[in-house]
Amino acid sequence: MIDMLPALLWCIDVVMALNIIGLCVIRGRLTAPYSSALHVSRVSWPVVICHVVSALLGLAPYLTYLWFADGGFDADVKDFYSQYGWPSACVIILLIMVQILCMYMQAKRAMRTEMDERLHRAIGK
């Protein structure tokens, strides 16, 4: 079971990151061109907290590998993790960057939506 722990933690983090990205794309309506008729909600605090948790969980597989690397893994499992450590780290870093980008784009659209709603209220439409 210890042999699978870093891979399991990595998979959990990837699924969590993809869910955060999907949530921002859906709530921010990032697939549709912006118009003042669309209502875009702000990035909620639970999504921001999940992003921080995802970033910290992204470290967990590598820390687990370092913790058990001396004698907890078989030789072939250790070679596997050594071979795919850098590519998996690149995937995690890319997903964290895409999360930040999607949250930024959602926040920008929410700001524009809020400004449009206030301007429409001010001029009485």
# chains A, B, ... in the order shown; residues from 1 in each chain; ligands from 1
>>> residues_around(residues="Val98 of chain A", least_positions_apart="3", cutoff="10 Å", atoms="only C-alpha atoms", output="list in words")
Ala17, Leu18, Ile20, Ile21, Ile92, Ile93, Leu94, Leu95, Leu101, Cys102, Met103 and Tyr104 of chain A
>>> select_by_dssp(residues="chain A", states="alpha helix (DSSP H)", output="PyMOL selection string")
chain A and resi 5-27+45-57+60-68+75-83+85-123
>>> atom_distance(atom1="atom CA of Ile49 of chain A", atom2="atom CA of Lys108 of chain A")
18.7 Å
>>> residues_around(residues="Asp116 of chain A", least_positions_apart="4", cutoff="10 Å", atoms="only C-alpha atoms", output="PyMOL selection string")
chain A and resi 35-37+39+110-112+120-122
>>> write_last_selection(atoms="N, CA and C atoms", output="short mmCIF file (atom, residue, chain, number, x, y, z; two decimals), in the first residue's frame")
data_model
loop_
_atom_site.label_atom_id
_atom_site.label_comp_id
_atom_site.auth_asym_id
_atom_site.auth_seq_id
_atom_site.Cartn_x
_atom_site.Cartn_y
_atom_site.Cartn_z
N SER A 35 -20.75 39.38 -22.50
CA SER A 35 -21.77 40.38 -22.81
C SER A 35 -22.36 40.83 -21.48
N SER A 36 -22.95 42.02 -21.49
CA SER A 36 -23.49 42.56 -20.24
C SER A 36 -24.74 41.80 -19.79
N ALA A 37 -25.30 40.98 -20.67
CA ALA A 37 -26.48 40.20 -20.29
C ALA A 37 -26.11 38.99 -19.42
N HIS A 39 -24.65 37.06 -16.30
CA HIS A 39 -24.32 37.33 -14.91
C HIS A 39 -23.23 36.34 -14.49
N ALA A 110 -16.55 38.84 -13.33
CA ALA A 110 -17.49 39.19 -12.26
C ALA A 110 -17.42 40.69 -11.95
N MET A 111 -16.22 41.25 -12.00
CA MET A 111 -16.06 42.68 -11.79
C MET A 111 -16.78 43.48 -12.88
N ARG A 112 -16.62 43.04 -14.11
CA ARG A 112 -17.31 43.72 -15.22
C ARG A 112 -18.82 43.57 -15.10
N HIS A 120 -26.25 50.20 -14.94
CA HIS A 120 -27.63 50.09 -15.42
C HIS A 120 -28.60 50.58 -14.36
N ARG A 121 -28.32 50.29 -13.08
CA ARG A 121 -29.16 50.80 -11.99
C ARG A 121 -29.07 52.31 -11.87
N ALA A 122 -27.89 52.86 -12.11
CA ALA A 122 -27.69 54.31 -11.97
C ALA A 122 -28.41 55.10 -13.04
#
>>> residues_around(residues="Ile100 of chain A", least_positions_apart="6", cutoff="12 Å", atoms="only C-alpha atoms", output="PDB file with C-alpha atoms, in the first residue's frame")
ATOM      1  CA  ALA A  17      -7.359  20.660  -9.705  1.00  0.00           C
ATOM      2  CA  ILE A  20     -11.542  23.645  -9.567  1.00  0.00           C
ATOM      3  CA  ILE A  21     -10.769  24.560 -13.172  1.00  0.00           C
ATOM      4  CA  CYS A  24     -14.319  28.339 -12.593  1.00  0.00           C
ATOM      5  CA  VAL A  25     -15.048  27.748 -16.278  1.00  0.00           C
ATOM      6  CA  VAL A  43     -14.879  33.556  -7.166  1.00  0.00           C
ATOM      7  CA  VAL A  47     -12.949  27.781  -4.328  1.00  0.00           C
ATOM      8  CA  VAL A  48      -9.971  29.884  -3.255  1.00  0.00           C
ATOM      9  CA  CYS A  50      -9.691  24.547  -2.408  1.00  0.00           C
ATOM     10  CA  HIS A  51      -7.045  26.072  -4.682  1.00  0.00           C
ATOM     11  CA  VAL A  52      -4.688  26.523  -1.732  1.00  0.00           C
ATOM     12  CA  SER A  54      -4.773  21.715  -4.095  1.00  0.00           C
ATOM     13  CA  ALA A  55      -1.446  23.524  -4.230  1.00  0.00           C
ATOM     14  CA  ILE A  93       2.592  23.120 -11.695  1.00  0.00           C
ATOM     15  CA  LEU A  94       0.734  23.586 -14.983  1.00  0.00           C
ATOM     16  CA  GLN A 106     -13.715  34.644 -13.538  1.00  0.00           C
ATOM     17  CA  ALA A 107     -12.947  37.484 -11.126  1.00  0.00           C
TER      18      ALA A 107
END
>>> atom_distance(atom1="atom CA of Gly124 of chain A", atom2="atom CA of Ser44 of chain A")
29.0 Å
>>> closest_residue(among="A:Arg42, A:Met1, A:Met105, A:Gln99", to="Asn19 of chain A", atoms="only C-alpha atoms")
A:Gln99
>>> residues_around(residues="segment 89-91 of chain A", least_positions_apart="4", cutoff="10 Å", atoms="only C-alpha atoms", output="list of chain:residue names")
A:Trp10, A:Val14, A:Gly58, A:Leu59, A:Pro61, A:Tyr62, A:Tyr84, A:Gly85, A:Leu95, A:Ile96, A:Met97
>>> write_last_selection(atoms="N, CA and C atoms", output="PDB file, in the first residue's frame")
ATOM      1  N   TRP A  10      -1.097  11.933  -5.939  1.00  0.00           N
ATOM      2  CA  TRP A  10      -0.979  12.714  -7.166  1.00  0.00           C
ATOM      3  C   TRP A  10      -2.294  12.694  -7.943  1.00  0.00           C
ATOM      4  N   VAL A  14      -4.721  15.849  -8.957  1.00  0.00           N
ATOM      5  CA  VAL A  14      -5.082  16.152 -10.349  1.00  0.00           C
ATOM      6  C   VAL A  14      -6.599  16.255 -10.494  1.00  0.00           C
ATOM      7  N   GLY A  58      -0.478  19.146  -3.858  1.00  0.00           N
ATOM      8  CA  GLY A  58       0.452  18.863  -4.942  1.00  0.00           C
ATOM      9  C   GLY A  58       1.850  18.518  -4.439  1.00  0.00           C
ATOM     10  N   LEU A  59       2.193  18.990  -3.250  1.00  0.00           N
ATOM     11  CA  LEU A  59       3.491  18.664  -2.654  1.00  0.00           C
ATOM     12  C   LEU A  59       3.509  17.296  -1.989  1.00  0.00           C
ATOM     13  N   PRO A  61       2.686  14.106  -2.722  1.00  0.00           N
ATOM     14  CA  PRO A  61       3.314  12.904  -3.292  1.00  0.00           C
ATOM     15  C   PRO A  61       4.838  12.925  -3.227  1.00  0.00           C
ATOM     16  N   TYR A  62       5.411  14.096  -3.429  1.00  0.00           N
ATOM     17  CA  TYR A  62       6.867  14.199  -3.453  1.00  0.00           C
ATOM     18  C   TYR A  62       7.440  14.113  -2.041  1.00  0.00           C
ATOM     19  N   TYR A  84       9.419   9.274 -13.404  1.00  0.00           N
ATOM     20  CA  TYR A  84       8.274  10.124 -13.717  1.00  0.00           C
ATOM     21  C   TYR A  84       8.063  11.251 -12.714  1.00  0.00           C
ATOM     22  N   GLY A  85       9.055  11.533 -11.876  1.00  0.00           N
ATOM     23  CA  GLY A  85       8.919  12.601 -10.894  1.00  0.00           C
ATOM     24  C   GLY A  85       8.835  13.976 -11.520  1.00  0.00           C
ATOM     25  N   LEU A  95      -1.214  22.678 -13.835  1.00  0.00           N
ATOM     26  CA  LEU A  95      -2.593  22.722 -13.348  1.00  0.00           C
ATOM     27  C   LEU A  95      -2.800  23.849 -12.337  1.00  0.00           C
ATOM     28  N   ILE A  96      -1.835  24.091 -11.473  1.00  0.00           N
ATOM     29  CA  ILE A  96      -1.951  25.194 -10.512  1.00  0.00           C
ATOM     30  C   ILE A  96      -1.971  26.534 -11.249  1.00  0.00           C
ATOM     31  N   MET A  97      -1.163  26.675 -12.279  1.00  0.00           N
ATOM     32  CA  MET A  97      -1.159  27.915 -13.058  1.00  0.00           C
ATOM     33  C   MET A  97      -2.481  28.108 -13.800  1.00  0.00           C
TER      34      MET A  97
END
>>> residues_around(residues="Val77 of chain A", least_positions_apart="5", cutoff="9 Å", atoms="only C-alpha atoms", output="number ranges by chain")
A: 3-4, 82
>>> atom_distance(atom1="atom CA of Glu114 of chain A", atom2="atom CA of Val53 of chain A")
28.3 Å
